[in-house]
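Source file: data_16.cif (mmCIF, C-alpha atoms)
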data_upload
loop_
_atom_site.label_atom_id
_atom_site.label_comp_id
_atom_site.auth_asym_id
_atom_site.auth_seq_id
_atom_site.Cartn_x
_atom_site.Cartn_y
_atom_site.Cartn_z
CA MET A 455 -11.39 -36.00 -3.41
CA SER A 456 -15.10 -36.39 -2.68
CA SER A 457 -17.76 -34.25 -4.32
CA ALA A 458 -18.65 -32.79 -0.89
CA GLU A 459 -15.14 -31.43 -0.49
CA ALA A 460 -14.85 -29.91 -3.97
CA PRO A 461 -16.70 -26.58 -3.35
CA ALA A 462 -14.43 -25.63 -0.43
CA PRO A 463 -11.53 -24.23 -2.51
CA SER A 464 -14.00 -22.35 -4.68
CA ARG A 465 -15.65 -20.73 -1.64
CA ALA A 466 -12.24 -19.80 -0.28
CA ARG A 467 -11.31 -18.14 -3.56
CA ASP A 468 -14.61 -16.26 -3.62
CA LEU A 469 -14.11 -15.01 -0.08
CA ALA A 470 -10.56 -13.94 -0.87
CA ALA A 471 -11.74 -12.10 -4.00
CA ALA A 472 -14.53 -10.39 -2.04
CA ARG A 473 -12.05 -9.23 0.61
CA HIS A 474 -9.78 -7.96 -2.15
CA VAL A 475 -12.61 -5.92 -3.69
CA LEU A 476 -13.69 -4.50 -0.32
CA VAL A 477 -10.16 -3.35 0.46
CA HIS A 478 -9.93 -1.53 -2.87
CA LEU A 479 -13.39 0.02 -2.43
CA LEU A 480 -12.04 1.79 0.62
CA THR A 481 -10.18 4.31 -1.55
CA PRO A 482 -13.21 5.61 -3.53
CA MET A 483 -15.29 5.71 -0.33
CA LEU A 484 -12.65 7.84 1.35
CA MET A 485 -12.54 10.04 -1.76
CA CYS A 486 -16.32 10.48 -1.54
CA VAL A 487 -16.14 11.51 2.11
CA GLY A 488 -13.17 13.79 1.52
CA MET A 489 -14.68 15.57 -1.48
CA GLY A 490 -17.93 16.12 0.40
CA LEU A 491 -16.18 17.49 3.46
CA ALA A 492 -13.91 19.74 1.41
CA TYR A 493 -16.35 21.21 -1.10
CA LEU A 494 -19.38 21.47 1.18
CA GLY A 495 -17.23 22.69 4.06
CA ALA A 496 -15.69 25.41 1.93
CA PHE A 497 -18.48 26.47 -0.45
CA VAL A 498 -21.87 25.58 1.02
CA ASN A 499 -22.27 28.83 2.96
CA PRO A 500 -19.84 31.52 1.77
CA SER A 501 -20.08 34.72 3.76
CA PRO A 502 -17.78 37.67 4.42
CA HIS A 503 -14.98 37.06 6.91
CA HIS A 504 -13.10 40.34 7.45
CA MET A 505 -13.86 41.31 3.88
CA PRO A 506 -12.09 44.63 3.15
CA VAL A 507 -14.29 47.42 1.77
CA ALA A 508 -14.10 51.20 1.88
CA VAL A 509 -16.26 54.32 1.91
CA VAL A 510 -14.83 57.24 -0.06
CA GLY A 511 -14.88 60.62 1.65
CA ALA A 512 -13.71 62.52 4.71
CA GLY A 513 -15.29 63.95 7.79
CA PRO A 514 -17.65 62.71 10.51
CA SER A 515 -20.47 61.78 8.11
CA THR A 516 -18.24 59.39 6.14
CA ALA A 517 -16.91 57.79 9.33
CA ALA A 518 -20.46 57.41 10.62
CA LEU A 519 -21.56 55.74 7.38
CA ALA A 520 -18.63 53.33 7.54
CA GLN A 521 -19.49 52.42 11.13
CA THR A 522 -23.14 51.89 10.20
CA ILE A 523 -22.19 49.51 7.40
CA HIS A 524 -19.93 47.60 9.76
CA ASP A 525 -22.62 47.31 12.45
CA LYS A 526 -25.34 46.19 10.03
CA ALA A 527 -23.08 43.47 8.66
CA ALA A 528 -22.19 42.30 12.17
CA ALA A 529 -25.88 42.16 13.09
CA ALA A 530 -26.44 39.94 10.04
CA GLY A 531 -23.65 37.59 11.16
CA GLU A 532 -21.14 38.85 8.59
CA SER A 533 -17.72 40.41 9.12
CA LEU A 534 -16.68 43.44 7.10
CA ASP A 535 -13.49 45.43 7.58
CA VAL A 536 -14.80 48.87 6.64
CA ARG A 537 -12.39 51.77 6.25
CA THR A 538 -12.57 55.26 4.84
CA VAL A 539 -10.36 56.64 2.06
CA PRO A 540 -10.06 60.32 1.23
CA ASP A 541 -10.91 60.28 -2.47
CA ARG A 542 -11.72 58.20 -5.51
CA ASP A 543 -8.08 58.03 -6.66
CA ALA A 544 -7.04 56.51 -3.33
CA ALA A 545 -9.81 53.92 -3.63
CA HIS A 546 -8.73 53.16 -7.20
CA HIS A 547 -5.15 52.61 -6.04
CA LEU A 548 -6.14 50.25 -3.21
CA LEU A 549 -8.38 48.21 -5.48
CA MET A 550 -5.63 47.78 -8.06
CA GLU A 551 -3.26 46.85 -5.22
CA ARG A 552 -5.78 44.12 -4.36
CA GLN A 553 -6.33 45.47 -0.88
CA LEU A 554 -10.08 46.09 -1.23
CA SER A 555 -13.07 44.12 -2.49
CA GLY A 556 -15.11 47.24 -3.16
CA ALA A 557 -15.19 51.00 -2.53
CA PHE A 558 -18.42 52.98 -2.20
CA VAL A 559 -18.49 56.58 -3.43
CA PRO A 560 -21.48 58.33 -1.78
CA SER A 561 -23.38 60.85 -3.85
CA GLY A 562 -26.75 62.51 -3.64
CA THR A 563 -27.25 62.09 -7.38
CA ALA A 564 -25.11 59.15 -8.60
CA PRO A 565 -23.75 56.79 -5.91
CA GLU A 566 -20.99 54.58 -7.30
CA LEU A 567 -19.33 51.31 -6.34
CA LEU A 568 -15.78 50.63 -7.52
CA VAL A 569 -14.76 46.98 -7.88
CA ALA A 570 -12.04 44.92 -9.58
CA SER A 571 -13.91 41.81 -10.65
CA THR A 572 -10.88 39.84 -11.77
CA ASN A 573 -9.62 39.90 -8.19
CA ALA A 574 -12.67 37.65 -7.59
CA ASP A 575 -16.02 38.02 -9.25
CA THR A 576 -17.79 36.58 -6.20
CA SER A 577 -16.24 39.18 -3.89
CA ALA A 578 -17.33 41.96 -6.25
CA THR A 579 -20.85 40.52 -6.22
CA VAL A 580 -20.94 40.44 -2.42
CA ALA A 581 -19.68 44.04 -2.28
CA GLN A 582 -22.48 45.04 -4.63
CA LYS A 583 -25.04 43.39 -2.33
CA VAL A 584 -23.59 45.27 0.64
CA PHE A 585 -23.78 48.72 -0.92
CA THR A 586 -26.86 48.51 -3.16
CA PRO A 587 -29.27 49.11 -0.25
CA LEU A 588 -27.53 52.44 0.47
CA ALA A 589 -28.31 53.69 -3.03
CA THR A 590 -31.80 52.22 -2.92
CA ALA A 591 -32.53 54.12 0.29
CA GLN A 592 -31.73 57.33 -1.61
CA GLY A 593 -33.96 56.31 -4.49
CA LYS A 594 -30.96 56.23 -6.82
CA PRO A 595 -29.50 53.40 -8.93
CA LEU A 596 -26.05 52.19 -7.90
CA LYS A 597 -23.47 52.64 -10.63
CA VAL A 598 -20.91 49.82 -10.61
CA THR A 599 -17.52 50.58 -12.16
CA ASP A 600 -15.24 47.64 -12.82
CA LEU A 601 -11.63 48.82 -12.75
CA ALA A 602 -10.20 45.44 -13.79
CA PRO A 603 -12.63 43.66 -16.11
CA PRO A 604 -11.77 40.14 -17.30
CA ALA A 605 -10.44 39.24 -20.71
CA HIS A 606 -12.89 38.90 -23.59
CA GLY A 607 -12.64 35.12 -23.52
CA ASP A 608 -13.21 34.92 -19.77
CA PRO A 609 -16.34 36.96 -18.94
CA THR A 610 -16.63 35.69 -15.35
CA GLY A 611 -12.92 36.02 -14.54
CA GLN A 612 -12.89 32.40 -13.34
CA GLY A 613 -10.92 31.05 -16.28
CA VAL A 614 -7.76 30.99 -14.19
CA PHE A 615 -9.48 28.56 -11.82
CA PHE A 616 -10.35 26.17 -14.62
CA PHE A 617 -6.79 26.54 -15.90
CA LEU A 618 -5.69 25.42 -12.43
CA VAL A 619 -8.02 22.41 -12.63
CA ALA A 620 -6.62 21.32 -16.00
CA VAL A 621 -2.97 21.61 -14.99
CA SER A 622 -3.63 19.96 -11.62
CA ILE A 623 -5.34 16.92 -13.12
CA GLY A 624 -2.63 16.51 -15.74
CA SER A 625 -0.04 16.64 -12.98
CA TYR A 626 -1.42 14.45 -10.22
CA ALA A 627 -2.79 11.85 -12.66
CA SER A 628 0.71 11.57 -14.12
CA VAL A 629 1.99 10.72 -10.65
CA ALA A 630 0.06 7.44 -10.80
CA VAL A 631 1.84 6.57 -14.06
CA LEU A 632 5.32 7.62 -12.97
CA GLY A 633 4.88 6.08 -9.54
CA GLY A 634 3.20 2.90 -10.79
CA ALA A 635 4.66 1.98 -14.17
CA GLY A 636 7.73 4.08 -13.46
CA ALA A 637 8.44 2.48 -10.09
CA VAL A 638 10.73 -0.03 -11.80
CA LEU A 639 13.00 2.80 -12.97
CA ARG A 640 15.82 4.44 -11.08
CA MET A 641 14.80 7.61 -9.27
CA ARG A 642 17.01 9.80 -11.47
CA THR A 643 15.17 8.47 -14.52
CA ARG A 644 11.79 9.17 -12.92
CA ALA A 645 13.00 12.68 -12.06
CA ALA A 646 13.85 13.25 -15.71
CA PHE A 647 10.35 12.09 -16.65
CA VAL A 648 8.94 14.56 -14.11
CA VAL A 649 10.76 17.47 -15.75
CA VAL A 650 9.55 16.51 -19.22
CA THR A 651 6.00 15.66 -18.12
CA SER A 652 5.56 18.92 -16.20
CA PHE A 653 6.87 20.81 -19.22
CA VAL A 654 4.30 19.16 -21.49
CA VAL A 655 1.44 19.66 -19.00
CA SER A 656 2.27 23.35 -18.58
CA LEU A 657 2.60 23.80 -22.34
CA ILE A 658 -0.84 22.25 -22.91
CA GLY A 659 -2.32 24.46 -20.19
CA ALA A 660 -0.78 27.63 -21.62
CA ALA A 661 -1.98 26.76 -25.12
CA LEU A 662 -5.54 26.23 -23.89
CA ALA A 663 -5.52 29.43 -21.81
CA GLY A 664 -4.04 31.54 -24.58
CA PRO A 665 -4.55 30.86 -28.28
CA VAL A 666 -7.35 28.29 -27.88
CA PHE A 667 -9.79 29.90 -25.41
CA HIS A 668 -8.26 33.38 -24.90
CA VAL A 669 -8.60 33.24 -21.12
CA VAL A 670 -5.46 35.38 -20.89
CA SER A 671 -4.80 38.25 -23.26
CA HIS A 672 -1.10 38.79 -22.53
CA GLY A 673 1.78 37.48 -20.43
CA LEU A 674 1.42 33.98 -21.84
CA TRP A 675 5.07 33.07 -21.28
CA GLY A 676 4.72 33.99 -17.62
CA VAL A 677 1.55 31.90 -17.41
CA TRP A 678 3.44 28.94 -18.86
CA ALA A 679 6.41 29.41 -16.51
CA MET A 680 4.22 29.49 -13.39
CA ALA A 681 2.29 26.45 -14.62
CA TRP A 682 5.58 24.56 -15.08
CA LEU A 683 6.68 25.43 -11.54
CA TYR A 684 3.30 24.35 -10.22
CA SER A 685 3.16 21.09 -12.16
CA ALA A 686 6.76 20.14 -11.36
CA GLY A 687 6.12 20.72 -7.65
CA ILE A 688 3.15 18.33 -7.68
CA LEU A 689 4.94 15.69 -9.73
CA PHE A 690 8.16 15.69 -7.70
CA LEU A 691 6.21 15.51 -4.45
CA GLY A 692 3.95 12.74 -5.73
CA VAL A 693 6.77 10.62 -7.14
CA GLY A 694 8.68 11.01 -3.87
CA LEU A 695 5.67 10.11 -1.73
CA HIS A 696 4.89 7.07 -3.87
CA THR A 697 7.99 5.29 -2.63
CA PHE A 698 6.56 5.35 0.90
CA LEU A 699 2.79 5.39 0.38
CA LYS A 700 2.42 3.02 -2.60
CA ARG A 701 -1.25 2.53 -3.51
CA TRP A 702 -2.31 5.24 -1.05
CA THR A 703 -0.49 7.84 -3.11
CA THR A 704 -3.52 8.49 -5.34
CA LEU A 705 -5.75 9.25 -2.36
CA THR A 706 -3.07 11.44 -0.81
CA MET A 707 -2.67 13.41 -4.03
CA MET A 708 -6.44 13.87 -4.23
CA VAL A 709 -6.49 15.27 -0.70
CA LEU A 710 -3.58 17.63 -1.27
CA PHE A 711 -4.24 18.82 -4.81
CA VAL A 712 -8.00 18.55 -5.22
CA MET A 713 -9.84 18.59 -1.90
CA LEU A 714 -7.65 21.17 -0.18
CA ASN A 715 -6.20 22.77 -3.29
CA PHE A 716 -9.21 23.73 -5.39
CA THR A 717 -11.21 24.90 -2.39
CA THR A 718 -8.47 27.20 -1.07
CA SER A 719 -7.14 28.51 -4.39
CA GLY A 720 -9.32 31.63 -4.46
CA GLY A 721 -10.47 30.76 -7.95
CA LEU A 722 -14.14 30.69 -6.97
CA TYR A 723 -14.15 32.32 -3.53
CA ARG A 724 -11.31 34.35 -2.12
CA PRO A 725 -10.32 33.79 1.51
CA GLU A 726 -12.53 36.65 2.75
CA LEU A 727 -15.55 34.53 1.76
CA LEU A 728 -14.23 31.24 3.23
CA ASN A 729 -14.18 30.00 6.79
CA GLY A 730 -11.03 30.25 8.87
CA PHE A 731 -9.55 26.86 7.99
CA PHE A 732 -9.78 27.16 4.21
CA GLY A 733 -8.99 30.87 4.31
CA ALA A 734 -5.77 30.18 6.23
CA LEU A 735 -4.61 27.55 3.73
CA HIS A 736 -5.00 30.11 0.95
CA SER A 737 -1.99 32.00 2.28
CA PHE A 738 0.52 29.25 1.44
CA TRP A 739 -1.10 26.51 -0.68
CA ASN A 740 0.32 26.03 -4.16
CA GLY A 741 -3.01 26.31 -6.00
CA ALA A 742 -3.54 29.73 -4.46
CA GLY A 743 -0.02 30.66 -5.49
CA LEU A 744 -0.82 29.79 -9.10
CA VAL A 745 -4.26 31.45 -9.26
CA GLU A 746 -3.25 34.64 -7.48
CA GLY A 747 0.02 34.77 -9.40
CA LEU A 748 -1.84 34.56 -12.71
CA ARG A 749 -4.21 37.32 -11.63
CA SER A 750 -1.30 39.53 -10.60
CA LEU A 751 0.47 38.89 -13.89
CA VAL A 752 -2.49 39.28 -16.25
CA TYR A 753 -4.71 41.88 -14.56
CA PHE A 754 -2.89 43.75 -11.78
CA ASP A 755 0.44 44.86 -13.22
CA HIS A 756 2.49 42.26 -11.30
CA VAL A 757 1.31 43.43 -7.85
CA GLY A 758 2.38 40.74 -5.35
CA LEU A 759 3.63 38.49 -8.12
CA GLY A 760 6.97 37.77 -6.44
CA ARG A 761 5.29 36.39 -3.32
CA HIS A 762 3.08 34.05 -5.32
CA VAL A 763 6.00 32.79 -7.41
CA LEU A 764 7.91 32.20 -4.16
CA THR A 765 5.02 30.02 -2.97
CA LEU A 766 5.32 27.88 -6.10
CA VAL A 767 9.10 27.65 -5.70
CA ALA A 768 8.70 26.58 -2.06
CA TRP A 769 6.40 23.73 -3.07
CA LEU A 770 8.85 22.71 -5.78
CA VAL A 771 11.64 22.59 -3.19
CA VAL A 772 9.46 20.40 -0.94
CA GLY A 773 8.86 18.11 -3.91
CA LEU A 774 12.57 17.90 -4.70
CA LEU A 775 13.32 17.05 -1.07
CA ALA A 776 10.67 14.31 -1.09
CA THR A 777 12.09 12.83 -4.31
CA THR A 778 15.63 12.99 -2.95
CA ALA A 779 14.59 11.25 0.27
CA ALA A 780 12.79 8.56 -1.73
CA GLY A 781 15.83 8.05 -3.95
CA LEU A 782 18.13 7.62 -0.95
CA TYR A 783 15.69 5.20 0.65
CA GLU A 784 15.47 3.08 -2.49
CA ARG A 785 19.26 3.09 -2.84
CA ARG A 786 19.67 1.80 0.70
CA ARG A 787 17.20 -0.98 -0.03
CA ARG A 788 19.11 -1.98 -3.17
CA THR A 789 22.47 -2.05 -1.38
CA ALA A 790 21.20 -3.85 1.73
CA PRO A 791 22.53 -7.42 2.25
CA ALA A 792 20.57 -9.78 0.06
CA ALA A 793 18.10 -12.15 1.72
CA PRO A 794 18.32 -15.88 0.99
CA ALA A 795 17.22 -16.54 -2.55
CA PRO A 796 13.56 -17.58 -2.78
CA ALA A 797 12.47 -20.72 -4.53
CA PRO A 798 12.33 -20.37 -8.32
CA GLU A 799 9.10 -18.84 -9.57
CA PRO A 800 6.84 -20.72 -11.94
CA PRO A 801 7.44 -19.93 -15.61
CA HIS A 802 4.46 -17.52 -15.84
CA HIS A 803 6.18 -15.00 -13.53
CA HIS A 804 8.29 -12.70 -15.68
CA ALA A 805 11.09 -10.48 -14.50
CA ALA A 806 10.26 -6.77 -14.42
CA PRO A 807 11.76 -4.79 -17.30
CA SER A 808 13.68 -2.49 -15.04
CA GLY A 809 16.95 -1.50 -13.47
CA ARG A 810 15.95 -3.09 -10.13
CA ASP A 811 14.22 -6.28 -8.95
CA GLU A 812 10.47 -6.26 -8.42
CA THR A 813 8.64 -8.88 -6.43
CA PRO A 814 5.41 -10.38 -7.75
CA GLU A 815 3.57 -8.61 -4.92
CA GLU A 816 5.04 -5.26 -5.93
CA HIS A 817 4.15 -5.93 -9.56
CA GLU A 818 0.54 -6.76 -8.67
CA GLU A 819 0.25 -3.68 -6.44
CA ARG A 820 1.67 -1.47 -9.18
CA GLU A 821 -0.79 -2.81 -11.74
CA GLU A 822 -3.71 -2.32 -9.34
CA GLU A 823 -2.68 1.24 -8.69
CA MET A 824 -2.55 1.89 -12.42
CA ASP A 825 -6.06 0.50 -12.76
CA GLU A 826 -7.35 2.64 -9.89
CA SER A 827 -5.83 5.77 -11.40
CA VAL A 828 -7.89 5.45 -14.58
CA GLY A 829 -11.02 6.73 -12.89
CA VAL A 830 -9.32 9.62 -11.08
#
As structure tokens:
Amino acid sequence: MSSAEAPAPSRARDLAAARHVLVHLLTPMLMCVGMGLAYLGAFVNPSPHHMPVAVVGAGPSTAALAQTIHDKAAAAGESLDVRTVPDRDAAHHLLMERQLSGAFVPSGTAPELLVASTNADTSATVAQKVFTPLATAQGKPLKVTDLAPPAHGDPTGQGVFFFLVAVSIGSYASVAVLGGAGAVLRMRTRAAFVVVTSFVVSLIGAALAGPVFHVVSHGLWGVWAMAWLYSAGILFLGVGLHTFLKRWTTLTMMVLFVMLNFTTSGGLYRPELLNGFFGALHSFWNGAGLVEGLRSLVYFDHVGLGRHVLTLVAWLVVGLLATTAAGLYERRRRTAPAAPAPAPEPPHHHAAPSGRDETPEEHEEREEEMDESVGV
């Protein structure tokens, strides 16, 4: 071989390596675009969208005040659903039933705003901004009464959101391990790992929320049980999808359980402060089921708890169906007629330590996915 011909294989290897890097850079670039679209699209301009508030009192003057509040909000480009309630007890009941974001009690001497901040601190803040000008116009300070204050260890009431973040990351990051390193195992074995892993993730989350940081003051066993449902749903769905999506599973899990999940959970902004798309997802997404279920359990005497638990169960069922479908698909592949045996591999190719055969390409793809998951 002449010296002029020698660099050619090296250039070919360099080009192949560059193409390989560019292909794998596609995933983080898509993550960047997705995170920007999700978080900026959901949070950059929160404003009331049919936010439910009330004016306490009866008679034409109360109805006129409610209509005035509604019209002023509409003129400002905001949407308030303003109603009247007969007395303070009725307003108290609706707030604790999580049907109102705030209730204004007019008074010539001491106007008062009733809120339940643990339903969403941001919604209570917006309600305060809506009604403060009414008291200011009377030259009186607005008294704000919080009917459901957060636990001592969670002064903003947003601890449940950060609990969601911790459990979510522990769950979807484990999918990369069970789908990548665990891909050589039978599906029933991976399913057993899912049960154990989700148990451990939920136990860690409950320990952090309870005895470590005191985000929740009671109902810790219920917190743990909902976290286990939530984590198992993510893990079963992710392990099932991995059979079909392979290295794109990580990106898919990020879309489902970070980009769309955190933004629609209600942990920072409830649906009445989100646009229509993200507000609609809140009604059935699993993160919202966990956050709202925890709030119902810890702060609102189990109001609506059954519906939120049902949401978590529904996602778990979807995950079980995905895992079952993946298991059947893999079984059919194993029992399909064998292709002609390939030429013997060089000695440096080792058989996969598993219950099924793994091609060198599958092994390389699995290792790459494991590497990509480290930064997630």
Closest pair table for segment 605-710 of chain A residues within 8 Å of segment 730-754 of chain A, all atoms listed in the file, as JSON lines:
{"residue": "A:Val614", "atom": "CA", "partner": "A:Val745", "partner_atom": "CA", "distance": 6.1}
{"residue": "A:Phe615", "atom": "CA", "partner": "A:Val745", "partner_atom": "CA", "distance": 6.5}
{"residue": "A:Leu618", "atom": "CA", "partner": "A:Val745", "partner_atom": "CA", "distance": 7.0}
{"residue": "A:Val670", "atom": "CA", "partner": "A:Val752", "partner_atom": "CA", "distance": 6.7}
{"residue": "A:Ser671", "atom": "CA", "partner": "A:Val752", "partner_atom": "CA", "distance": 7.5}
{"residue": "A:His672", "atom": "CA", "partner": "A:Val752", "partner_atom": "CA", "distance": 6.5}
{"residue": "A:Gly673", "atom": "CA", "partner": "A:Val752", "partner_atom": "CA", "distance": 6.2}
{"residue": "A:Gly676", "atom": "CA", "partner": "A:Leu751", "partner_atom": "CA", "distance": 7.5}
{"residue": "A:Val677", "atom": "CA", "partner": "A:Leu748", "partner_atom": "CA", "distance": 6.4}
{"residue": "A:Met680", "atom": "CA", "partner": "A:Leu744", "partner_atom": "CA", "distance": 6.6}
{"residue": "A:Ala681", "atom": "CA", "partner": "A:Leu744", "partner_atom": "CA", "distance": 7.2}
{"residue": "A:Tyr684", "atom": "CA", "partner": "A:Leu744", "partner_atom": "CA", "distance": 6.9}
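The space between atom CA of Ala564 of chain A and atom CA of Arg542 of chain A spans 13.8 Å.
Take atom CA of Val654 of chain A and atom CA of Ala686 of chain A: the distance between them is 10.5 Å.
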Closest of A:Ala679, A:Val712, A:Leu699, A:Val655 to Val767 of chain A - atom-to-atom distances counting all atoms listed in the file: A:Ala679
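Using all atoms listed in the file, the nearest neighbour of Ile623 of chain A within the list A:Leu689, A:Val580, A:Leu782, A:Val539 is A:Leu689.
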Around (13.0, 9.7, -0.9), as given in the file, which residues come within 10 Å? Count only C-alpha atoms and list them as a VMD selection string. chain A and resid 641 691 693 to 698 773 to 785
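When all atoms listed in the file are used to compute distances to His503 of chain A, the closest of the residues A:Gly613, A:Gly659, A:Pro725, A:Pro665 turns out to be A:Pro725.
Residues lying at most 9 Å from (2.6, 15.3, -9.9) in file coordinates, with only C-alpha atoms considered, are A:Ser622, A:Ile623, A:Gly624, A:Ser625, A:Tyr626, A:Ala627, A:Ser628, A:Val629, A:Ala630, A:Leu632, A:Val648, A:Thr651, A:Ser652, A:Ser685, A:Ala686, A:Gly687, A:Ile688, A:Leu689, A:Phe690, A:Leu691, A:Gly692, A:Val693, A:Met707.
Each of A:Leu770, A:Gly531, A:Pro463, A:Val621 was checked against Ser656 of chain A using all atoms listed in the file; the smallest atom-to-atom distance is that of A:Val621.
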Please provide as a list in words all residues within 12 Å of Thr522 of chain A, with the sequence filter that same-chain residues fewer than 4 positions apart are discarded (counting only C-alpha atoms). Val509, Ser515, Thr516, Ala517, Ala518, Lys526, Ala527, Ala528, Ala529, Leu534, Asp535, Val536, Arg537, Val584, Phe585 and Leu588 of chain A
Dump of C-alpha atoms for the selected residues, as a PDB file, in the coordinates of the input:
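So selection-v2.pdb came out as:
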ATOM      1  CA  VAL A 509     -16.260  54.320   1.910  1.00  0.00           C
ATOM      2  CA  SER A 515     -20.470  61.780   8.110  1.00  0.00           C
ATOM      3  CA  THR A 516     -18.240  59.390   6.140  1.00  0.00           C
ATOM      4  CA  ALA A 517     -16.910  57.790   9.330  1.00  0.00           C
ATOM      5  CA  ALA A 518     -20.460  57.410  10.620  1.00  0.00           C
ATOM      6  CA  LYS A 526     -25.340  46.190  10.030  1.00  0.00           C
ATOM      7  CA  ALA A 527     -23.080  43.470   8.660  1.00  0.00           C
ATOM      8  CA  ALA A 528     -22.190  42.300  12.170  1.00  0.00           C
ATOM      9  CA  ALA A 529     -25.880  42.160  13.090  1.00  0.00           C
ATOM     10  CA  LEU A 534     -16.680  43.440   7.100  1.00  0.00           C
ATOM     11  CA  ASP A 535     -13.490  45.430   7.580  1.00  0.00           C
ATOM     12  CA  VAL A 536     -14.800  48.870   6.640  1.00  0.00           C
ATOM     13  CA  ARG A 537     -12.390  51.770   6.250  1.00  0.00           C
ATOM     14  CA  VAL A 584     -23.590  45.270   0.640  1.00  0.00           C
ATOM     15  CA  PHE A 585     -23.780  48.720  -0.920  1.00  0.00           C
ATOM     16  CA  LEU A 588     -27.530  52.440   0.470  1.00  0.00           C
TER      17      LEU A 588
END
Got a sec: who's within 8 Å of Ala492 of chain A, counting all atoms listed in the file, leaving out chain neighbours fewer than 4 positions off, as JSON, numbers by chain? {"A": [488, 496, 713, 714, 717]}
Across A:Gly495, A:Pro595, A:Gly490, A:Pro565, the smallest distance to Val510 of chain A, with all atoms listed in the file counted, is shown by A:Pro565
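Coordinates place atom CA of Pro506 of chain A at a distance of 24.3 Å from atom CA of Lys594 of chain A.
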Residues matched by the PyMOL selection byres ((chain A and resi 545) around 10) as a PDB file with C-alpha atoms, keeping the file's coordinate frame:
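Result written to expr-v8.pdb:
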ATOM      1  CA  VAL A 507     -14.290  47.420   1.770  1.00  0.00           C
ATOM      2  CA  ALA A 508     -14.100  51.200   1.880  1.00  0.00           C
ATOM      3  CA  VAL A 509     -16.260  54.320   1.910  1.00  0.00           C
ATOM      4  CA  VAL A 510     -14.830  57.240  -0.060  1.00  0.00           C
ATOM      5  CA  GLY A 511     -14.880  60.620   1.650  1.00  0.00           C
ATOM      6  CA  THR A 538     -12.570  55.260   4.840  1.00  0.00           C
ATOM      7  CA  VAL A 539     -10.360  56.640   2.060  1.00  0.00           C
ATOM      8  CA  PRO A 540     -10.060  60.320   1.230  1.00  0.00           C
ATOM      9  CA  ASP A 541     -10.910  60.280  -2.470  1.00  0.00           C
ATOM     10  CA  ARG A 542     -11.720  58.200  -5.510  1.00  0.00           C
ATOM     11  CA  ASP A 543      -8.080  58.030  -6.660  1.00  0.00           C
ATOM     12  CA  ALA A 544      -7.040  56.510  -3.330  1.00  0.00           C
ATOM     13  CA  HIS A 546      -8.730  53.160  -7.200  1.00  0.00           C
ATOM     14  CA  HIS A 547      -5.150  52.610  -6.040  1.00  0.00           C
ATOM     15  CA  LEU A 548      -6.140  50.250  -3.210  1.00  0.00           C
ATOM     16  CA  LEU A 549      -8.380  48.210  -5.480  1.00  0.00           C
ATOM     17  CA  MET A 550      -5.630  47.780  -8.060  1.00  0.00           C
ATOM     18  CA  GLU A 551      -3.260  46.850  -5.220  1.00  0.00           C
ATOM     19  CA  GLN A 553      -6.330  45.470  -0.880  1.00  0.00           C
ATOM     20  CA  LEU A 554     -10.080  46.090  -1.230  1.00  0.00           C
ATOM     21  CA  GLY A 556     -15.110  47.240  -3.160  1.00  0.00           C
ATOM     22  CA  ALA A 557     -15.190  51.000  -2.530  1.00  0.00           C
ATOM     23  CA  PHE A 558     -18.420  52.980  -2.200  1.00  0.00           C
ATOM     24  CA  VAL A 559     -18.490  56.580  -3.430  1.00  0.00           C
ATOM     25  CA  LEU A 568     -15.780  50.630  -7.520  1.00  0.00           C
ATOM     26  CA  VAL A 569     -14.760  46.980  -7.880  1.00  0.00           C
TER      27      VAL A 569
END
Assuming the chain letters and numbering stay as they are in my file, what does the PyMOL selection byres ((chain A and resi 643) around 12) actually select? List them as a PyMOL selection string. chain A and resi 632-633+636-642+644-650+693+777+781+808-809
